[in-house]
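So this one's final-v7.cif, mmCIF, C-alpha atoms:
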data_start
loop_
_atom_site.group_PDB
_atom_site.id
_atom_site.type_symbol
_atom_site.label_atom_id
_atom_site.label_comp_id
_atom_site.auth_asym_id
_atom_site.auth_seq_id
_atom_site.Cartn_x
_atom_site.Cartn_y
_atom_site.Cartn_z
ATOM 1 C CA MET A 256 72.649 73.080 67.350
ATOM 2 C CA ALA A 257 72.009 70.997 70.437
ATOM 3 C CA ARG A 258 69.213 71.649 72.875
ATOM 4 C CA MET A 259 68.213 74.922 74.479
ATOM 5 C CA LYS A 260 68.820 74.979 78.221
ATOM 6 C CA PHE A 261 68.862 77.328 81.187
ATOM 7 C CA LEU A 262 71.598 77.295 83.797
ATOM 8 C CA CYS A 263 71.552 79.364 86.978
ATOM 9 C CA ASP A 264 74.813 79.971 88.813
ATOM 10 C CA SER A 265 73.920 80.152 92.512
ATOM 11 C CA GLU A 266 77.300 81.745 93.250
ATOM 12 C CA ARG A 267 76.266 84.760 91.206
ATOM 13 C CA CYS A 268 72.522 85.130 91.713
ATOM 14 C CA ILE A 269 71.861 88.130 93.947
ATOM 15 C CA GLU A 270 68.068 87.689 94.157
ATOM 16 C CA CYS A 271 67.410 90.937 92.326
ATOM 17 C CA ASN A 272 64.381 89.430 90.540
ATOM 18 C CA GLY A 273 65.461 91.142 87.316
ATOM 19 C CA CYS A 274 64.742 87.910 85.419
ATOM 20 C CA VAL A 275 61.224 87.733 86.871
ATOM 21 C CA THR A 276 60.550 91.336 85.926
ATOM 22 C CA ALA A 277 62.004 90.896 82.444
ATOM 23 C CA CYS A 278 59.755 87.873 81.837
ATOM 24 C CA LYS A 279 56.663 89.647 83.127
ATOM 25 C CA GLN A 280 57.353 92.701 81.026
ATOM 26 C CA GLU A 281 58.320 90.844 77.865
ATOM 27 C CA HIS A 282 55.259 88.609 77.721
ATOM 28 C CA GLU A 283 52.744 90.796 79.545
ATOM 29 C CA VAL A 284 52.102 87.898 81.907
ATOM 30 C CA PRO A 285 48.870 88.343 83.910
ATOM 31 C CA TRP A 286 48.811 89.053 87.622
ATOM 32 C CA GLY A 287 49.276 85.924 89.707
ATOM 33 C CA VAL A 288 51.159 84.007 87.036
ATOM 34 C CA ASN A 289 54.906 83.620 87.563
ATOM 35 C CA ARG A 290 56.607 81.922 84.682
ATOM 36 C CA ARG A 291 59.911 82.516 86.453
ATOM 37 C CA ARG A 292 60.709 83.125 90.099
ATOM 38 C CA VAL A 293 63.748 83.351 92.340
ATOM 39 C CA VAL A 294 64.045 80.795 95.120
ATOM 40 C CA THR A 295 66.313 81.587 98.078
ATOM 41 C CA MET A 296 67.662 78.977 100.441
ATOM 42 C CA ASN A 297 68.973 79.764 103.950
ATOM 43 C CA ASP A 298 67.405 83.186 103.656
ATOM 44 C CA GLY A 299 69.102 85.590 106.041
ATOM 45 C CA VAL A 300 71.793 83.161 107.158
ATOM 46 C CA ALA A 301 75.081 84.951 106.640
ATOM 47 C CA GLY A 302 77.378 83.116 104.278
ATOM 48 C CA ALA A 303 74.901 80.339 103.577
ATOM 49 C CA GLU A 304 72.285 82.202 101.552
ATOM 50 C CA LYS A 305 71.946 80.981 97.975
ATOM 51 C CA SER A 306 69.447 82.015 95.338
ATOM 52 C CA LEU A 307 68.366 80.302 92.157
ATOM 53 C CA SER A 308 66.172 81.530 89.347
ATOM 54 C CA VAL A 309 63.697 78.782 88.499
ATOM 55 C CA ALA A 310 61.299 78.311 85.593
ATOM 56 C CA CYS A 311 60.428 75.500 83.218
ATOM 57 C CA MET A 312 63.690 73.605 82.670
ATOM 58 C CA HIS A 313 62.520 72.227 79.308
ATOM 59 C CA CYS A 314 63.216 68.655 80.395
ATOM 60 C CA THR A 315 64.441 66.152 77.847
ATOM 61 C CA ASP A 316 61.945 63.590 79.162
ATOM 62 C CA ALA A 317 59.333 66.030 80.416
ATOM 63 C CA PRO A 318 56.991 64.630 83.107
ATOM 64 C CA CYS A 319 54.320 67.204 82.246
ATOM 65 C CA MET A 320 54.229 65.806 78.727
ATOM 66 C CA SER A 321 53.957 62.238 80.025
ATOM 67 C CA VAL A 322 50.993 62.893 82.291
ATOM 68 C CA CYS A 323 48.962 65.304 80.144
ATOM 69 C CA PRO A 324 45.572 63.632 79.545
ATOM 70 C CA VAL A 325 44.937 65.575 76.336
ATOM 71 C CA ASP A 326 48.519 65.384 74.966
ATOM 72 C CA CYS A 327 48.864 69.105 74.375
ATOM 73 C CA PHE A 328 52.654 69.221 74.920
ATOM 74 C CA TYR A 329 55.331 68.974 72.257
ATOM 75 C CA THR A 330 59.092 69.414 72.038
ATOM 76 C CA THR A 331 60.540 71.616 69.321
ATOM 77 C CA SER A 332 63.594 70.655 67.293
ATOM 78 C CA GLU A 333 65.624 72.915 69.612
ATOM 79 C CA GLY A 334 64.503 70.967 72.688
ATOM 80 C CA VAL A 335 62.041 73.559 73.970
ATOM 81 C CA VAL A 336 58.973 72.061 75.684
ATOM 82 C CA LEU A 337 55.868 73.954 74.580
ATOM 83 C CA HIS A 338 52.142 73.329 74.685
ATOM 84 C CA ASP A 339 49.034 74.188 72.708
ATOM 85 C CA LYS A 340 46.555 76.074 74.851
ATOM 86 C CA ASP A 341 43.572 75.153 72.688
ATOM 87 C CA PRO A 342 43.291 71.464 73.703
ATOM 88 C CA CYS A 343 44.530 72.210 77.274
ATOM 89 C CA ILE A 344 41.729 71.610 79.795
ATOM 90 C CA GLY A 345 43.495 73.276 82.730
ATOM 91 C CA CYS A 346 43.322 70.110 84.850
ATOM 92 C CA GLY A 347 46.571 70.899 86.685
ATOM 93 C CA TYR A 348 47.984 67.391 86.389
ATOM 94 C CA CYS A 349 51.161 68.790 84.839
ATOM 95 C CA PHE A 350 51.609 70.941 87.935
ATOM 96 C CA TYR A 351 51.678 67.824 90.136
ATOM 97 C CA ALA A 352 54.149 66.116 87.803
ATOM 98 C CA CYS A 353 56.564 69.032 87.402
ATOM 99 C CA PRO A 354 59.434 68.938 89.930
ATOM 100 C CA PHE A 355 60.002 72.687 89.480
ATOM 101 C CA GLY A 356 56.418 73.939 89.899
ATOM 102 C CA ALA A 357 56.666 75.533 86.474
ATOM 103 C CA PRO A 358 53.054 75.224 85.221
ATOM 104 C CA GLN A 359 50.966 78.216 86.223
ATOM 105 C CA PHE A 360 47.195 78.656 86.125
ATOM 106 C CA PRO A 361 45.688 82.086 85.663
ATOM 107 C CA GLN A 362 42.380 82.964 87.255
ATOM 108 C CA ASP A 363 39.828 82.873 84.480
ATOM 109 C CA GLY A 364 36.121 83.569 84.585
ATOM 110 C CA ALA A 365 33.804 85.321 87.025
ATOM 111 C CA PHE A 366 34.250 82.796 89.830
ATOM 112 C CA GLY A 367 38.033 82.574 89.729
ATOM 113 C CA MET A 368 38.067 79.286 87.868
ATOM 114 C CA ARG A 369 41.404 77.839 86.883
ATOM 115 C CA GLY A 370 42.342 78.848 83.365
ATOM 116 C CA LYS A 371 44.482 77.079 80.808
ATOM 117 C CA MET A 372 48.030 76.281 81.814
ATOM 118 C CA ASP A 373 50.715 78.898 81.238
ATOM 119 C CA LYS A 374 54.448 78.381 81.548
ATOM 120 C CA CYS A 375 57.862 79.551 80.393
ATOM 121 C CA THR A 376 58.200 79.136 76.642
ATOM 122 C CA PHE A 377 61.967 79.818 76.477
ATOM 123 C CA CYS A 378 60.706 82.910 74.629
ATOM 124 C CA ALA A 379 59.806 80.614 71.722
ATOM 125 C CA GLY A 380 56.082 81.432 71.492
ATOM 126 C CA GLY A 381 53.759 78.581 70.662
ATOM 127 C CA PRO A 382 51.928 76.809 67.865
ATOM 128 C CA GLU A 383 50.587 79.938 66.187
ATOM 129 C CA ALA A 384 52.072 81.936 63.323
ATOM 130 C CA ASP A 385 55.413 83.342 64.485
ATOM 131 C CA ASN A 386 55.198 86.851 65.943
ATOM 132 C CA SER A 387 51.453 87.056 65.278
ATOM 133 C CA ALA A 388 48.998 88.774 67.615
ATOM 134 C CA GLU A 389 47.456 85.391 68.493
ATOM 135 C CA GLU A 390 50.828 83.985 69.471
ATOM 136 C CA PHE A 391 51.620 86.974 71.653
ATOM 137 C CA GLN A 392 48.241 86.907 73.335
ATOM 138 C CA LYS A 393 48.405 83.193 74.150
ATOM 139 C CA TYR A 394 52.090 82.526 74.702
ATOM 140 C CA GLY A 395 53.968 85.824 74.730
ATOM 141 C CA ARG A 396 56.716 87.105 72.529
ATOM 142 C CA ASN A 397 58.707 84.805 70.242
ATOM 143 C CA ARG A 398 62.253 86.086 70.699
ATOM 144 C CA LEU A 399 63.851 82.870 69.463
ATOM 145 C CA SER A 400 62.436 83.424 65.988
ATOM 146 C CA GLU A 401 64.026 86.880 66.066
ATOM 147 C CA GLY A 402 67.426 85.303 66.726
ATOM 148 C CA LYS A 403 67.403 86.353 70.379
ATOM 149 C CA LEU A 404 67.701 84.432 73.627
ATOM 150 C CA PRO A 405 65.157 84.466 76.485
ATOM 151 C CA ALA A 406 64.681 87.915 78.001
ATOM 152 C CA CYS A 407 65.375 86.674 81.549
ATOM 153 C CA ALA A 408 68.845 85.394 80.675
ATOM 154 C CA GLU A 409 69.738 88.386 78.563
ATOM 155 C CA MET A 410 68.575 90.798 81.270
ATOM 156 C CA CYS A 411 70.451 89.080 84.110
ATOM 157 C CA SER A 412 72.791 91.707 85.540
ATOM 158 C CA THR A 413 75.346 89.332 87.058
ATOM 159 C CA LYS A 414 74.942 86.777 84.277
ATOM 160 C CA ALA A 415 73.968 84.212 86.883
ATOM 161 C CA LEU A 416 71.214 82.997 84.590
ATOM 162 C CA LEU A 417 72.501 81.665 81.300
ATOM 163 C CA GLY A 418 70.264 80.528 78.480
ATOM 164 C CA GLY A 419 70.860 79.177 75.025
ATOM 165 C CA ASP A 420 72.326 76.205 73.266
ATOM 166 C CA ALA A 421 73.397 73.661 75.901
ATOM 167 C CA ASP A 422 76.903 73.321 74.473
ATOM 168 C CA GLU A 423 77.474 77.075 74.520
ATOM 169 C CA VAL A 424 76.068 77.421 78.031
ATOM 170 C CA SER A 425 78.321 74.589 79.236
ATOM 171 C CA ASN A 426 81.359 76.243 77.668
ATOM 172 C CA ILE A 427 80.569 79.582 79.317
ATOM 173 C CA PHE A 428 80.077 77.980 82.713
ATOM 174 C CA ARG A 429 83.237 75.892 82.392
ATOM 175 C CA ASP A 430 85.217 78.977 81.393
ATOM 176 C CA ARG A 431 83.797 80.822 84.393
ATOM 177 C CA VAL A 432 84.585 78.096 86.905
ATOM 178 C CA MET A 433 88.137 77.766 85.604
ATOM 179 C CA ASN A 434 88.760 81.510 85.797
ATOM 180 C CA ARG A 435 87.046 82.798 88.905
ATOM 181 C CA ASP A 436 89.153 83.401 91.942
ATOM 182 C CA GLY A 437 86.666 81.915 94.345
ATOM 183 C CA LYS A 438 85.442 84.827 96.437
ATOM 184 C CA GLY A 439 83.684 88.187 96.353
ATOM 185 C CA ALA A 440 83.678 90.064 93.056
ATOM 186 C CA GLY A 441 85.875 87.367 91.568
ATOM 187 C CA VAL A 442 82.960 84.982 91.760
ATOM 188 C CA PHE A 443 80.644 87.531 90.168
ATOM 189 C CA GLY A 444 83.183 88.165 87.392
ATOM 190 C CA TRP A 445 82.875 91.909 87.902
ATOM 191 C CA ALA A 446 86.553 92.723 87.517
ATOM 192 C CA THR A 447 86.841 90.529 84.460
ATOM 193 C CA ALA A 448 83.873 92.137 82.767
ATOM 194 C CA TYR A 449 84.494 95.742 83.722
ATOM 195 C CA GLY A 450 88.201 95.854 84.509
ATOM 196 C CA LYS A 451 90.034 95.791 87.801
ATOM 197 C CA GLY A 452 90.048 99.581 88.001
ATOM 198 C CA ASP A 453 93.027 101.855 88.521
ATOM 199 C CA ALA A 454 94.344 103.706 91.520
ATOM 200 C CA LYS A 455 91.830 106.584 91.181
ATOM 201 C CA PRO A 456 89.905 107.298 94.366
ATOM 202 C CA SER A 457 86.215 106.551 94.319
ATOM 203 C CA ALA A 458 83.663 109.354 93.915
ATOM 204 C CA GLN A 459 82.800 109.187 97.560
ATOM 205 C CA GLU A 460 86.395 109.611 98.562
ATOM 206 C CA LYS A 461 86.689 112.638 96.251
ATOM 207 C CA VAL A 462 83.807 114.562 97.825
ATOM 208 C CA THR A 463 84.572 113.650 101.389
ATOM 209 C CA PRO A 464 86.507 116.579 102.899
ATOM 210 C CA LYS A 465 89.331 115.813 105.161
ATOM 211 C CA VAL A 466 88.499 116.798 108.692
ATOM 212 C CA GLU A 467 91.488 117.698 110.735
ATOM 213 C CA ALA A 468 91.390 117.432 114.427
ATOM 214 C CA LYS A 469 91.345 120.808 116.097
ATOM 215 C CA PRO A 470 93.331 121.384 119.201
ATOM 216 C CA MET B 133 5.162 23.166 80.344
ATOM 217 C CA LYS B 134 5.112 26.628 81.835
ATOM 218 C CA ALA B 135 7.661 25.622 84.442
ATOM 219 C CA ILE B 136 9.947 24.225 81.706
ATOM 220 C CA LEU B 137 9.701 27.485 79.771
ATOM 221 C CA ILE B 138 10.517 29.528 82.870
ATOM 222 C CA PHE B 139 13.432 27.233 83.697
ATOM 223 C CA ALA B 140 14.695 27.448 80.090
ATOM 224 C CA GLY B 141 14.406 31.236 80.165
ATOM 225 C CA ILE B 142 16.402 31.474 83.381
ATOM 226 C CA ALA B 143 19.002 29.023 82.079
ATOM 227 C CA LEU B 144 19.337 30.960 78.828
ATOM 228 C CA GLY B 145 19.672 34.181 80.778
ATOM 229 C CA LEU B 146 22.422 32.694 82.903
ATOM 230 C CA LEU B 147 24.170 31.274 79.842
ATOM 231 C CA VAL B 148 24.388 34.587 77.994
ATOM 232 C CA ALA B 149 25.009 36.678 81.109
ATOM 233 C CA GLY B 150 28.746 36.553 80.590
ATOM 234 C CA CYS B 151 28.490 37.697 76.973
ATOM 235 C CA GLY B 152 28.007 41.327 77.982
ATOM 236 C CA ASP B 153 31.211 41.377 79.992
ATOM 237 C CA ARG B 154 33.745 43.768 78.529
ATOM 238 C CA PRO B 155 37.480 43.582 79.120
ATOM 239 C CA VAL B 156 38.324 46.077 81.859
ATOM 240 C CA ALA B 157 42.092 46.085 81.448
ATOM 241 C CA THR B 158 43.325 49.541 80.423
ATOM 242 C CA VAL B 159 44.932 49.645 77.044
ATOM 243 C CA TYR B 160 47.634 52.303 76.998
ATOM 244 C CA LYS B 161 48.001 54.077 73.708
ATOM 245 C CA LYS B 162 51.135 55.929 72.757
ATOM 246 C CA GLY B 163 50.433 59.602 73.250
ATOM 247 C CA GLU B 164 50.286 61.672 70.124
ATOM 248 C CA TYR B 165 50.472 65.443 70.244
ATOM 249 C CA SER B 166 46.921 66.685 69.783
ATOM 250 C CA GLY B 167 47.547 70.368 69.085
ATOM 251 C CA LYS B 168 48.499 72.495 66.111
ATOM 252 C CA ARG B 169 51.856 72.085 64.386
ATOM 253 C CA ASP B 170 54.476 74.711 65.115
ATOM 254 C CA THR B 171 56.989 76.144 62.658
ATOM 255 C CA GLN B 172 60.762 76.293 63.036
ATOM 256 C CA PRO B 173 62.065 79.579 64.447
ATOM 257 C CA TRP B 174 64.125 80.361 61.329
ATOM 258 C CA ILE B 175 61.177 80.020 58.941
ATOM 259 C CA GLY B 176 59.722 83.436 59.749
ATOM 260 C CA GLU B 177 60.511 86.929 58.587
ATOM 261 C CA PRO B 178 63.949 87.903 59.916
ATOM 262 C CA PHE B 179 65.753 84.761 58.692
ATOM 263 C CA LYS B 180 63.465 83.633 55.877
ATOM 264 C CA GLY B 181 64.344 79.944 56.194
ATOM 265 C CA ASP B 182 68.106 80.456 56.571
ATOM 266 C CA ARG B 183 68.816 78.044 59.392
ATOM 267 C CA LEU B 184 72.560 78.706 59.450
ATOM 268 C CA ALA B 185 72.045 82.455 59.800
ATOM 269 C CA TRP B 186 69.668 81.816 62.692
ATOM 270 C CA GLU B 187 72.154 79.493 64.386
ATOM 271 C CA ARG B 188 74.908 82.088 63.950
ATOM 272 C CA ALA B 189 72.690 84.746 65.531
ATOM 273 C CA ILE B 190 71.841 82.505 68.487
ATOM 274 C CA LYS B 191 75.483 81.537 68.955
ATOM 275 C CA ALA B 192 76.572 85.180 68.922
ATOM 276 C CA ARG B 193 73.936 85.994 71.511
ATOM 277 C CA SER B 194 74.987 83.023 73.639
ATOM 278 C CA ASN B 195 78.622 84.079 73.582
ATOM 279 C CA GLY B 196 77.550 87.584 74.552
ATOM 280 C CA GLN B 197 76.725 86.125 77.965
ATOM 281 C CA ASN B 198 80.361 85.211 78.543
ATOM 282 C CA GLU B 199 82.149 88.204 80.045
ATOM 283 C CA TYR B 200 85.480 86.365 79.890
ATOM 284 C CA SER B 201 85.346 86.268 76.097
ATOM 285 C CA ARG B 202 83.914 89.814 75.996
ATOM 286 C CA ALA B 203 86.793 91.059 78.136
ATOM 287 C CA ALA B 204 89.299 89.295 75.866
ATOM 288 C CA THR B 205 88.020 91.140 72.787
ATOM 289 C CA LYS B 206 88.289 94.592 74.417
#
Starting from the file, lay out its structure as structure tokens.
Amino acid sequence: MARMKFLCDSERCIECNGCVTACKQEHEVPWGVNRRRVVTMNDGVAGAEKSLSVACMHCTDAPCMSVCPVDCFYTTSEGVVLHDKDPCIGCGYCFYACPFGAPQFPQDGAFGMRGKMDKCTFCAGGPEADNSAEEFQKYGRNRLSEGKLPACAEMCSTKALLGGDADEVSNIFRDRVMNRDGKGAGVFGWATAYGKGDAKPSAQEKVTPKVEAKP
Amino acid sequence: MKAILIFAGIALGLLVAGCGDRPVATVYKKGEYSGKRDTQPWIGEPFKGDRLAWERAIKARSNGQNEYSRAATK
């Protein structure tokens, strides 16, 4: 097993925010905290609009880990960058260091003080007993220990967002690039996944009555 | 005599003034993770320490994201 990685195919992402919703729902992330979000470039420009789903990229040489004054970050054997919320002081230095804006800070306390840092865990929980109530409350669900991949990637409808072992993700993406026909549904892989369809008329065509011109 | 004592006191003070100077250069220590230790994902209940079974499960899930291979097995 290599390292766990995310890959987002901008040719396929349709900005549906399904990944964001899946993450929020899976981990019961508090209001105002976005572990994952969809970034759109050239918004509204026909033909030039591209979207990308962005979260913690679980960097190999993570800048957040380098700058943390209390050294609360660690990398798991699968290459997932996690942190312990107990020593975290919520200073926000990791937020300045992260090129993806991944660290999030929930409002905590009566005066809206900045709480301890929260970020994407690659659905791998944190340094608490696996699948315990403490782990869920602090870090969210630990899907990796259940043999599952991150909820965002598994929920992605167009499979724009891929997650998992870096070698496997690379193979899938390579396969996709070699096979897609370069435009429209071919880029999305729709016909490959669901078949090219036969000559049957669509449902709309079936119900639409033919109107003949009257003299 | 008094003047000598005062002079000696001042001289002694000046002599030892530098002794309280501490090095101000920052010494960088290699960061050590300060939190709790985490367990491997295959240690827990569903896999009970069977790393290979866990890797197989993850690989199967990963390949499930590839519609080209899914379409080929139809």
Inset, instruction - Starting from the shown file, work through the PyMOL selection byres ((chain A) within 8 of (chain B)) and note down what comes out as JSON, numbers by chain. - result: {"A": [256, 325, 326, 327, 328, 329, 331, 332, 338, 339, 341, 342, 379, 381, 382, 383, 384, 385, 399, 400, 401, 402, 403, 404, 409, 414, 417, 418, 419, 420, 423, 424, 427, 430, 431, 444, 447, 448, 449]}
Inset, instruction - Work out how far apart atom CA of Gly347 of chain A and atom CA of Met296 of chain A are and give it in Å to one decimal. - result: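 Taking atom CA of Gly347 of chain A as the start and atom CA of Met296 of chain A as the end point, the length is 26.4 Å.
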Inset, instruction - Find the distance between atom CA of Ile136 of chain B and atom CA of Val148 of chain B and write it in Å to one decimal. - result: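 One can read the atom CA of Ile136 of chain B to atom CA of Val148 of chain B distance as 18.2 Å.
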Inset, instruction - Carefully work through the PyMOL selection byres ((chain A and resi 413) around 7) for this structure and note down the residues it includes, as JSON, numbers by chain. - result: {"A": [267, 268, 411, 412, 414, 415, 443]}
Legend entry - One-decimal distance in Å that lies between atom CA of Met410 of chain A and atom CA of Ala277 of chain A: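 The value is 6.7 Å.
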Inset, instruction - For each of B:Arg183, B:Gly141, B:Pro155, B:Leu147, take the minimum atom-to-atom distance to Glu333 of chain A, counting all atoms listed in the file, then give the residue where this is smallest. - result: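 Using all atoms listed in the file, the shortest distance to Glu333 of chain A belongs to B:Arg183.
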Inset, instruction - Determine, counting all atoms listed in the file, which protein, DNA and RNA residues have an atom within 12 Å of an atom of Gly287 of chain A; residues of the same chain fewer than 4 positions away are not included. Present the result as a VMD selection string. - result: chain A and resid 279 283 291 to 292 359 to 363 367 369 to 370 373
Legend entry - Leu307 of chain A environment, 9 Å, all atoms listed in the file, sequence neighbours closer than 2 positions dropped, as a list in words: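 Skipping anything fewer than 2 positions along the chain leaves Cys263, Asp264, Ser265, Cys268, Ile269, Glu270, Arg292, Val293, Val294, Thr295, Met296, Lys305, Val309, Ala415 and Leu416 of chain A.
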So that I have them on file, write out the residues from the current selection with C-alpha atoms, as a PDB file, in the frame of the given file.
ATOM      1  CA  CYS A 263      71.552  79.364  86.978  1.00  0.00           C
ATOM      2  CA  ASP A 264      74.813  79.971  88.813  1.00  0.00           C
ATOM      3  CA  SER A 265      73.920  80.152  92.512  1.00  0.00           C
ATOM      4  CA  CYS A 268      72.522  85.130  91.713  1.00  0.00           C
ATOM      5  CA  ILE A 269      71.861  88.130  93.947  1.00  0.00           C
ATOM      6  CA  GLU A 270      68.068  87.689  94.157  1.00  0.00           C
ATOM      7  CA  ARG A 292      60.709  83.125  90.099  1.00  0.00           C
ATOM      8  CA  VAL A 293      63.748  83.351  92.340  1.00  0.00           C
ATOM      9  CA  VAL A 294      64.045  80.795  95.120  1.00  0.00           C
ATOM     10  CA  THR A 295      66.313  81.587  98.078  1.00  0.00           C
ATOM     11  CA  MET A 296      67.662  78.977 100.441  1.00  0.00           C
ATOM     12  CA  LYS A 305      71.946  80.981  97.975  1.00  0.00           C
ATOM     13  CA  VAL A 309      63.697  78.782  88.499  1.00  0.00           C
ATOM     14  CA  ALA A 415      73.968  84.212  86.883  1.00  0.00           C
ATOM     15  CA  LEU A 416      71.214  82.997  84.590  1.00  0.00           C
TER      16      LEU A 416
END
Legend entry - Test item: which residues lie within 10 Å of (61.5, 67.0, 72.5) counting only C-alpha atoms, as JSON, numbers by chain: {"A": [258, 313, 314, 315, 316, 317, 320, 328, 329, 330, 331, 332, 333, 334, 335, 336, 337]}
Inset, instruction - Pick out the closest residue to Cys278 of chain A from this set: A:Ala301, A:Ala406, A:Met312, A:Ala421. Count all atoms listed in the file. - result: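 Checking each of A:Ala301, A:Ala406, A:Met312, A:Ala421 against Cys278 of chain A, counting all atoms listed in the file, the winner is A:Ala406.
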